[in-house]
Each structure stands twice: as structure tokens, then as C-alpha cells.
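Structure file model.cif with mmCIF, C-alpha atoms:
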data_run
loop_
_atom_site.label_atom_id
_atom_site.label_comp_id
_atom_site.auth_asym_id
_atom_site.auth_seq_id
_atom_site.Cartn_x
_atom_site.Cartn_y
_atom_site.Cartn_z
CA MET A 303 94.62 133.09 103.76
CA LYS A 304 94.15 135.60 101.02
CA THR A 305 95.78 133.46 98.37
CA ALA A 306 93.44 130.61 99.19
CA ILE A 307 90.25 132.50 98.36
CA GLU A 308 91.29 134.79 95.54
CA PRO A 309 89.80 133.95 92.12
CA ALA A 310 92.11 131.85 90.03
CA LYS A 311 94.08 133.78 87.43
CA ASN A 312 93.86 133.11 83.75
CA ILE A 313 96.05 130.07 83.15
CA PRO A 314 96.61 127.72 80.22
CA TRP A 315 94.41 124.67 79.76
CA ALA A 316 97.40 122.41 80.37
CA MET A 317 97.89 124.02 83.77
CA MET A 318 94.18 123.73 84.55
CA PHE A 319 94.28 120.03 83.72
CA ALA A 320 97.38 119.61 85.87
CA ASP A 321 95.59 121.36 88.74
CA PHE A 322 92.56 119.14 88.26
CA LYS A 323 94.79 116.08 88.55
CA GLU A 324 96.41 117.51 91.65
CA ILE A 325 93.22 118.47 93.44
CA THR A 326 91.77 115.00 92.76
CA LYS A 327 95.14 113.35 93.57
CA VAL A 328 95.22 111.37 90.37
CA ARG A 329 97.79 108.77 91.45
CA LEU A 330 95.90 107.99 94.64
CA ALA A 331 92.61 107.90 92.74
CA VAL A 332 94.01 105.50 90.14
CA SER A 333 95.32 103.18 92.87
CA VAL A 334 91.88 103.19 94.49
CA VAL A 335 90.24 102.40 91.15
CA PHE A 336 92.72 99.53 90.70
CA SER A 337 91.70 98.11 94.10
CA SER A 338 88.00 98.37 93.33
CA MET A 339 88.44 96.69 89.95
CA ALA A 340 90.39 93.87 91.59
CA GLY A 341 87.52 93.43 94.04
CA TYR A 342 85.06 93.37 91.13
CA LEU A 343 87.01 90.68 89.32
CA LEU A 344 87.12 88.58 92.47
CA GLY A 345 83.37 88.84 93.00
CA ALA A 346 82.07 88.65 89.44
CA TYR A 347 80.59 85.45 88.08
CA GLU A 348 81.11 86.92 84.63
CA ILE A 349 82.83 90.14 83.63
CA ASN A 350 80.68 92.98 82.34
CA PHE A 351 82.91 95.65 80.80
CA VAL A 352 80.23 98.34 81.05
CA SER A 353 80.05 97.67 84.78
CA LEU A 354 83.85 97.85 85.02
CA LEU A 355 83.82 101.23 83.27
CA LEU A 356 81.08 102.53 85.57
CA LEU A 357 83.02 101.30 88.59
CA ALA A 358 86.26 102.91 87.38
CA PHE A 359 84.57 106.20 86.50
CA GLY A 360 82.44 106.33 89.65
CA GLY A 361 85.36 105.31 91.83
CA TYR A 362 87.61 108.01 90.43
CA CYS A 363 84.90 110.62 90.89
CA MET A 364 84.31 109.65 94.51
CA VAL A 365 88.00 109.67 95.41
CA GLY A 366 88.56 112.87 93.48
CA ALA A 367 85.65 114.53 95.25
CA SER A 368 86.95 113.46 98.67
CA ASN A 369 90.38 114.87 97.91
CA ALA A 370 88.95 118.12 96.60
CA TYR A 371 86.79 118.60 99.72
CA ASN A 372 89.83 117.80 101.84
CA GLN A 373 91.96 120.43 100.13
CA ILE A 374 89.21 123.04 100.50
CA ILE A 375 88.91 122.37 104.23
CA GLU A 376 92.67 122.30 104.78
CA LYS A 377 93.64 125.13 102.42
CA ASP A 378 95.11 127.33 105.16
CA LEU A 379 97.00 124.45 106.76
CA ASP A 380 98.27 123.28 103.37
CA ALA A 381 99.84 126.72 102.90
CA LEU A 382 102.02 126.08 105.98
CA MET A 383 103.58 122.83 104.78
CA ASN A 384 106.30 122.44 102.18
CA ARG A 385 104.74 119.43 100.47
CA THR A 386 101.31 121.08 100.07
CA LYS A 387 101.88 124.83 99.78
CA ASN A 388 101.96 124.64 95.98
CA ARG A 389 98.64 122.86 95.68
CA PRO A 390 96.09 124.65 93.47
CA ILE A 391 94.13 126.42 96.25
CA PRO A 392 96.88 127.64 98.64
CA SER A 393 99.02 128.71 95.67
CA GLY A 394 96.14 130.82 94.33
CA ARG A 395 95.87 129.00 91.00
CA MET A 396 92.36 127.76 91.82
CA SER A 397 89.59 129.49 93.73
CA VAL A 398 87.69 127.81 96.53
CA ASN A 399 84.46 128.23 94.56
CA LEU A 400 85.89 126.41 91.55
CA ALA A 401 87.28 123.64 93.75
CA LEU A 402 83.93 123.27 95.48
CA THR A 403 82.15 123.10 92.13
CA ILE A 404 84.53 120.37 91.00
CA ALA A 405 83.96 118.45 94.23
CA ILE A 406 80.17 118.66 94.01
CA VAL A 407 80.07 117.68 90.34
CA LEU A 408 82.36 114.71 90.98
CA THR A 409 80.21 113.66 93.95
CA VAL A 410 77.03 113.67 91.87
CA LEU A 411 78.63 111.92 88.91
CA GLY A 412 80.24 109.33 91.18
CA VAL A 413 77.09 108.51 93.11
CA VAL A 414 75.03 108.26 89.91
CA ALA A 415 77.60 106.03 88.17
CA LEU A 416 77.83 103.70 91.17
CA TYR A 417 74.04 103.68 91.58
CA PHE A 418 73.73 102.33 88.04
CA LEU A 419 75.71 99.34 89.30
CA ASN A 420 73.53 98.91 92.38
CA PRO A 421 72.33 101.03 95.32
CA LYS A 422 74.65 99.33 97.84
CA THR A 423 77.72 100.37 95.84
CA ALA A 424 76.52 103.97 95.71
CA MET A 425 75.79 103.90 99.43
CA PHE A 426 79.28 102.68 100.34
CA GLY A 427 80.81 105.25 98.00
CA ALA A 428 78.82 108.04 99.65
CA ILE A 429 79.77 106.77 103.12
CA SER A 430 83.45 106.90 102.16
CA ILE A 431 83.17 110.55 101.13
CA PHE A 432 81.32 111.46 104.33
CA LEU A 433 83.81 109.71 106.63
CA TYR A 434 86.83 111.09 104.82
CA THR A 435 85.73 114.71 104.68
CA SER A 436 83.46 115.12 107.69
CA VAL A 437 85.18 112.90 110.27
CA TYR A 438 88.75 112.03 109.27
CA THR A 439 89.78 115.46 107.95
CA PRO A 440 88.79 117.53 111.03
CA LEU A 441 90.22 114.90 113.40
CA LYS A 442 93.69 115.11 111.86
CA THR A 443 94.56 118.16 113.96
CA MET A 444 92.94 116.76 117.11
CA THR A 445 94.10 113.21 117.66
CA PRO A 446 96.25 110.43 116.13
CA LEU A 447 93.07 108.32 116.20
CA SER A 448 92.19 110.12 112.98
CA VAL A 449 94.30 107.51 111.18
CA PHE A 450 91.98 104.77 112.47
CA VAL A 451 88.96 106.72 111.24
CA GLY A 452 90.63 107.43 107.89
CA ALA A 453 91.38 103.74 107.46
CA LEU A 454 87.63 103.04 107.29
CA PRO A 455 86.91 104.89 104.01
CA GLY A 456 90.37 103.90 102.80
CA ALA A 457 89.47 100.22 103.15
CA ILE A 458 86.23 100.49 101.19
CA PRO A 459 87.53 100.31 97.56
CA PHE A 460 88.65 96.63 97.57
CA MET A 461 85.34 95.69 99.17
CA LEU A 462 83.38 98.06 96.92
CA GLY A 463 84.36 96.14 93.80
CA TRP A 464 82.92 92.90 95.17
CA VAL A 465 79.68 94.65 96.13
CA ALA A 466 79.51 96.24 92.68
CA ALA A 467 79.80 92.81 91.06
CA THR A 468 77.41 90.92 93.34
CA ASP A 469 75.07 93.49 94.96
CA GLN A 470 75.78 91.62 98.21
CA PHE A 471 77.73 92.32 101.37
CA GLY A 472 78.96 89.34 103.36
CA ILE A 473 82.10 87.65 104.62
CA GLU A 474 83.88 87.93 101.26
CA PRO A 475 83.80 91.72 100.89
CA GLY A 476 84.21 91.97 104.66
CA THR A 477 87.49 90.09 104.37
CA LEU A 478 88.66 92.31 101.52
CA PHE A 479 87.79 95.32 103.66
CA MET A 480 89.84 94.01 106.60
CA ILE A 481 92.89 93.30 104.42
CA GLN A 482 93.03 96.86 103.15
CA PHE A 483 92.07 98.26 106.56
CA PHE A 484 95.06 96.73 108.36
CA TRP A 485 97.39 97.48 105.44
CA GLN A 486 96.80 101.20 105.77
CA PHE A 487 98.40 101.54 109.19
CA PRO A 488 101.97 100.50 108.30
CA HIS A 489 101.62 102.25 104.95
CA PHE A 490 100.39 105.56 106.29
CA TRP A 491 102.49 105.62 109.44
CA ALA A 492 105.61 105.04 107.33
CA LEU A 493 104.58 108.03 105.21
CA ALA A 494 103.75 110.08 108.31
CA TRP A 495 107.15 109.17 109.78
CA MET A 496 108.89 110.68 106.75
CA LEU A 497 106.69 113.77 106.78
CA ASP A 498 106.42 114.22 110.54
CA GLU A 499 108.21 117.58 110.68
CA ASP A 500 106.11 118.96 107.83
CA TYR A 501 102.87 117.62 109.30
CA LYS A 502 103.65 119.37 112.58
CA LYS A 503 103.83 122.70 110.75
CA GLY A 504 100.18 122.20 109.83
CA GLY A 505 99.26 120.97 113.31
CA PHE A 506 98.51 117.42 112.16
CA LYS A 507 98.76 114.58 114.69
CA MET A 508 99.41 111.52 112.54
CA LEU A 509 101.81 109.19 114.38
CA PRO A 510 100.17 106.96 117.02
CA THR A 511 102.47 108.08 119.85
CA GLY A 512 103.00 111.55 118.42
CA LYS A 513 106.69 110.76 117.98
CA LYS A 514 109.07 108.89 115.70
CA ASP A 515 109.87 106.41 118.46
CA THR A 516 109.90 102.71 119.27
CA GLY A 517 106.24 102.85 120.28
CA THR A 518 105.20 103.93 116.80
CA ALA A 519 107.54 101.37 115.21
CA LEU A 520 106.10 98.58 117.36
CA GLN A 521 102.56 99.46 116.33
CA ILE A 522 103.64 99.39 112.69
CA ILE A 523 105.01 95.88 113.21
CA MET A 524 101.82 94.76 114.97
CA TYR A 525 99.50 95.99 112.21
CA THR A 526 101.74 94.51 109.54
CA ILE A 527 101.42 91.10 111.20
CA TRP A 528 97.64 91.43 111.34
CA MET A 529 97.62 92.43 107.67
CA ILE A 530 99.53 89.27 106.73
CA VAL A 531 97.23 87.05 108.80
CA ILE A 532 94.04 88.48 107.27
CA SER A 533 95.53 88.34 103.76
CA VAL A 534 96.04 84.56 103.87
CA ILE A 535 92.88 83.57 105.81
CA PRO A 536 90.94 82.69 102.60
CA VAL A 537 93.29 79.70 102.09
CA PHE A 538 91.49 77.96 104.97
CA GLY A 539 88.16 77.95 103.11
CA ILE A 540 86.25 79.93 105.73
CA THR A 541 85.54 83.06 103.69
CA GLY A 542 82.79 81.88 101.37
CA ARG A 543 83.47 82.31 97.66
CA LEU A 544 86.67 84.23 98.38
CA GLN A 545 89.20 81.44 97.90
CA LEU A 546 92.99 81.28 97.82
CA SER A 547 95.17 78.39 96.71
CA ILE A 548 98.01 77.15 98.92
CA LEU A 549 100.64 78.40 96.49
CA ALA A 550 99.01 81.84 96.27
CA ALA A 551 98.80 82.02 100.07
CA ILE A 552 102.50 81.14 100.36
CA LEU A 553 103.37 83.84 97.84
CA ILE A 554 101.28 86.46 99.64
CA PHE A 555 102.74 85.40 102.99
CA ALA A 556 106.25 85.76 101.57
CA MET A 557 105.48 89.24 100.23
CA GLY A 558 104.05 90.21 103.60
CA ALA A 559 107.14 88.84 105.33
CA VAL A 560 109.31 91.09 103.16
CA MET A 561 107.22 94.07 104.24
CA LEU A 562 107.54 92.92 107.84
CA VAL A 563 111.32 92.88 107.51
CA PHE A 564 111.21 96.54 106.45
CA ALA A 565 108.99 97.26 109.48
CA PHE A 566 111.60 95.68 111.77
CA LYS A 567 114.31 97.70 110.02
CA LEU A 568 112.38 100.85 110.88
CA TYR A 569 112.16 99.70 114.50
CA GLU A 570 115.91 99.10 114.51
CA LYS A 571 117.07 102.30 112.79
CA ARG A 572 114.16 104.71 113.34
CA ASP A 573 115.14 106.90 110.39
CA ASN A 574 113.40 108.38 107.37
CA ILE A 575 115.25 106.16 104.90
CA SER A 576 113.86 103.04 106.57
CA ALA A 577 110.39 104.60 106.66
CA ARG A 578 110.57 105.33 102.94
CA LYS A 579 111.60 101.76 102.17
CA LEU A 580 108.68 100.46 104.21
CA MET A 581 106.26 102.82 102.50
CA LEU A 582 107.43 101.68 99.04
CA ALA A 583 107.27 98.04 100.15
CA SER A 584 103.68 98.56 101.31
CA VAL A 585 102.63 99.99 97.94
CA THR A 586 104.26 97.04 96.19
CA TYR A 587 102.57 94.60 98.57
CA ILE A 588 99.01 95.85 98.17
CA THR A 589 99.31 95.93 94.38
CA LEU A 590 100.90 92.50 93.97
CA MET A 591 98.63 90.95 96.61
CA GLN A 592 95.56 92.03 94.66
CA VAL A 593 97.08 90.78 91.42
CA VAL A 594 97.82 87.40 93.03
CA TYR A 595 94.23 87.12 94.29
CA VAL A 596 92.80 87.85 90.84
CA VAL A 597 95.21 85.61 88.94
CA ASP A 598 94.64 82.81 91.44
CA LYS A 599 90.89 83.01 90.93
CA PHE A 600 90.99 82.89 87.16
CA SER A 601 93.71 80.27 86.90
CA GLY A 602 92.37 78.12 89.72
CA THR A 603 95.95 77.62 90.85
CA PHE A 604 99.35 78.79 89.74
CA PHE A 605 100.34 75.29 88.68
#

Rewrite the coordinates I just gave you, this time as C-alpha cells.
Amino acid sequence: MKTAIEPAKNIPWAMMFADFKEITKVRLAVSVVFSSMAGYLLGAYEINFVSLLLLAFGGYCMVGASNAYNQIIEKDLDALMNRTKNRPIPSGRMSVNLALTIAIVLTVLGVVALYFLNPKTAMFGAISIFLYTSVYTPLKTMTPLSVFVGALPGAIPFMLGWVAATDQFGIEPGTLFMIQFFWQFPHFWALAWMLDEDYKKGGFKMLPTGKKDTGTALQIIMYTIWMIVISVIPVFGITGRLQLSILAAILIFAMGAVMLVFAFKLYEKRDNISARKLMLASVTYITLMQVVYVVDKFSGTFF
């Protein structure tokens, strides 16, 4: 579209900063940084605040770059949807060249920052950008399986923090990866349920059955159950240094059960209100679950 490639007009610095936050999806990026820092705290033998800063900075850059690339690729489709038509590129406030420059600079800064931690962390960060932009993004208009592909880079942050702290990949970061991997399905499908009509305007195929039906709701329930199971597995002492006390496991199980109730409500009512409640419950779950893991490690137990 013409508006997507025209040079950006002269706009105030405040607007430019707002557009930068939007093209990097600041709230999503901050949540990803939070996950990676939680993973770092779980893996670290001792906390190095310089490493935490590098992880936070590098993580934000990598997520911001992925989102910028995504909005460049999907600029014409974004212009068709109500929730995205006012983004910086389709609205004409930012040129494609400027957005691409931002994405490249963030990629370089992110890789360098994570490399200072260790090469494995930089490698996983680079893999997440590649999968998100080169595989997940183009698949979104082809098949609902794109959500499975997108869950791979989306599950990296929690794991990435552990790798940043230890320079090792094993069962512990693998478990953190699986927790966030399974969590993404109920979270994203609840969001896609709410936005289904808008997504269809852009040609995106996001729901597993292509419809807001019982089949989709059943898959949401199934993945929520798997998420709960994986989240409490460390209580059995089979995940190396990644440990969980009985009380912490009970608390996490209870939070997951609450989320599961919302999933069943969606199955029962199959409406956008129920989907929204589930989506909000999923955000609450992933945040509090990570907090519980970290607090449990540093307190030994909640008692």
C-alpha cells in the first residue's frame, strides 16, 4: 500500500518514541524480559547485576527486532485489520526503511549484548528472531500450524535466562522451555478467539480448527492441562537443579486449576467474554508462576 512505503512525515519526538514503543511492542517485550530474568535467577549460583542488565537489554532488543521485522512483512495486511491499521507503518507515520533500520540495529545490539553473556545465549536469541520472522510470520496466512511454530521462539525467553546464567543447556532450561511452550496455546488461542473476525480480514489462520467451536475449546483445555503438568514436574526431583517445594507446587497447581476453569467456561459458553477472561487468567498465571518459582528457590520453602 502507498501509505506503508511513503517516507514518514515530520512528527514530534514524543510521537516518534511512541511509535518506537509500538513497533517493538513494548509491553510484550517487557513481559519477555521478565521471563528471561526469572530464568536467570533460577539458574544463577550468584546474581551478577551486569549480566542481568545485559540480559534485559539484549532480550528487549531481540524481541523488539522480531516485532519490527514482523510489522514490515505484514504492513499491507495490518492495514486491513482494525487493531493494527494504526500501527506506525500502515498509518504512514514510519517508513519501511526506518523500520528496517530499527530492526537491524536492534538485532545487532541484541546479539552482541547476549554474546557478552555467552555464545549459547546469543545463538538462542538469534534462533528466536529467525523462527519468528522467517517461519512463523509467513505461515500465519497459510495454516493454523503457525501457532505451533510461533510457540517455539515464544518459549525461548524463560529458558534463555537459565542459559545466560549457566552457559549450559540441559533438563532444567528444557523444562522451563516446555512450561512456556504449552502455556502459549491457551493464551494465544484465547486471544485469537477474541480477534478471529479481525484476523480473517488479514487472511490469518490462527485458530486450530479455523473456527470458534468446541474443537478449538477442547484443544485449549488439553494444552492447559499439559501446561499444569509440566509446571509442577520439578516437585518430583527429576529436573536437576530446577527444584520446587511441595507448597510451591500446590500453589502453582491451584493457579493452573483456576486457568483451567476459565478454559472450561470457554468450552461451555464459546463467547468472546469467556475468551477474554481466559486470556487475562493466562497472563496472570505465567507471571505468578515465575514469581513462585523464583521465591521458592531463594526462600527454600514458603514456610

Pick out the closest residue to Phe506 (chain A) from this set: A:Gly412, A:Gly463, A:Pro390, A:Pro440. Count all atoms listed in the file.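 Closest to Phe506 (chain A), using all atoms listed in the file: A:Pro440.
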
Please measure the separation of CA of Gly361 (chain A) and CA of Leu330 (chain A), giving the value in Å to one decimal.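 Taking CA of Gly361 (chain A) and CA of Leu330 (chain A), their separation equals 11.2 Å.
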
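Nearest residue to Leu355 (chain A) among A:Ala367, A:Leu441, A:Met339, A:Ile429 is A:Met339, counting only C-alpha atoms.
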
For Gly512 (chain A), list every protein, DNA or RNA residue within 10 Å, evaluated using only C-alpha atoms, and leave out those in the same chain fewer than 2 positions away; present the list as a count of residues only. 14

What is the distance between CA of Leu357 (chain A) and CA of Ala428 (chain A), in Å to one decimal?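 For CA of Leu357 (chain A) relative to CA of Ala428 (chain A), the distance reads 13.6 Å.
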
Nearest to Arg578 (chain A) among A:Ala551, A:Ala494, A:Met396, A:Leu419, with distances taken over all atoms listed in the file: which residue is it?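 Under the stated criterion, the closest residue is A:Ala494.
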
In terms of the shortest atom-to-atom distance over only C-alpha atoms, which of A:Ser393, A:Asn369, A:Asn574, A:Ser448 is closest to Arg329 (chain A)?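 With only C-alpha atoms as the atom set, the closest residue is A:Asn369.
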
Could you spell out the hits of the PyMOL selection byres ((chain A and resi 410) around 10) on the shown file, as a list in words?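 Applying the expression gives Gly360, Cys363, Met364, Ala367, Ala405, Ile406, Val407, Leu408, Thr409, Leu411, Gly412, Val413, Val414, Ala415 and Ala428 of chain A.
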
Hey, can you check how far CA of Met591 (chain A) sits from CA of Pro488 (chain A)?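 For CA of Met591 (chain A) relative to CA of Pro488 (chain A), the distance reads 15.5 Å.
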
Write out as a list in words each polymer residue whose atoms come within 9 Å of region 452-454 of chain A, counting only C-alpha atoms; drop sequence neighbours fewer than 4 positions from it. Ser430, Leu433, Tyr434, Val437, Tyr438, Thr439, Leu447, Ser448, Ile458, Phe479, Gln482, Phe483, Phe484, Trp485, Gln486 and Phe487 of chain A
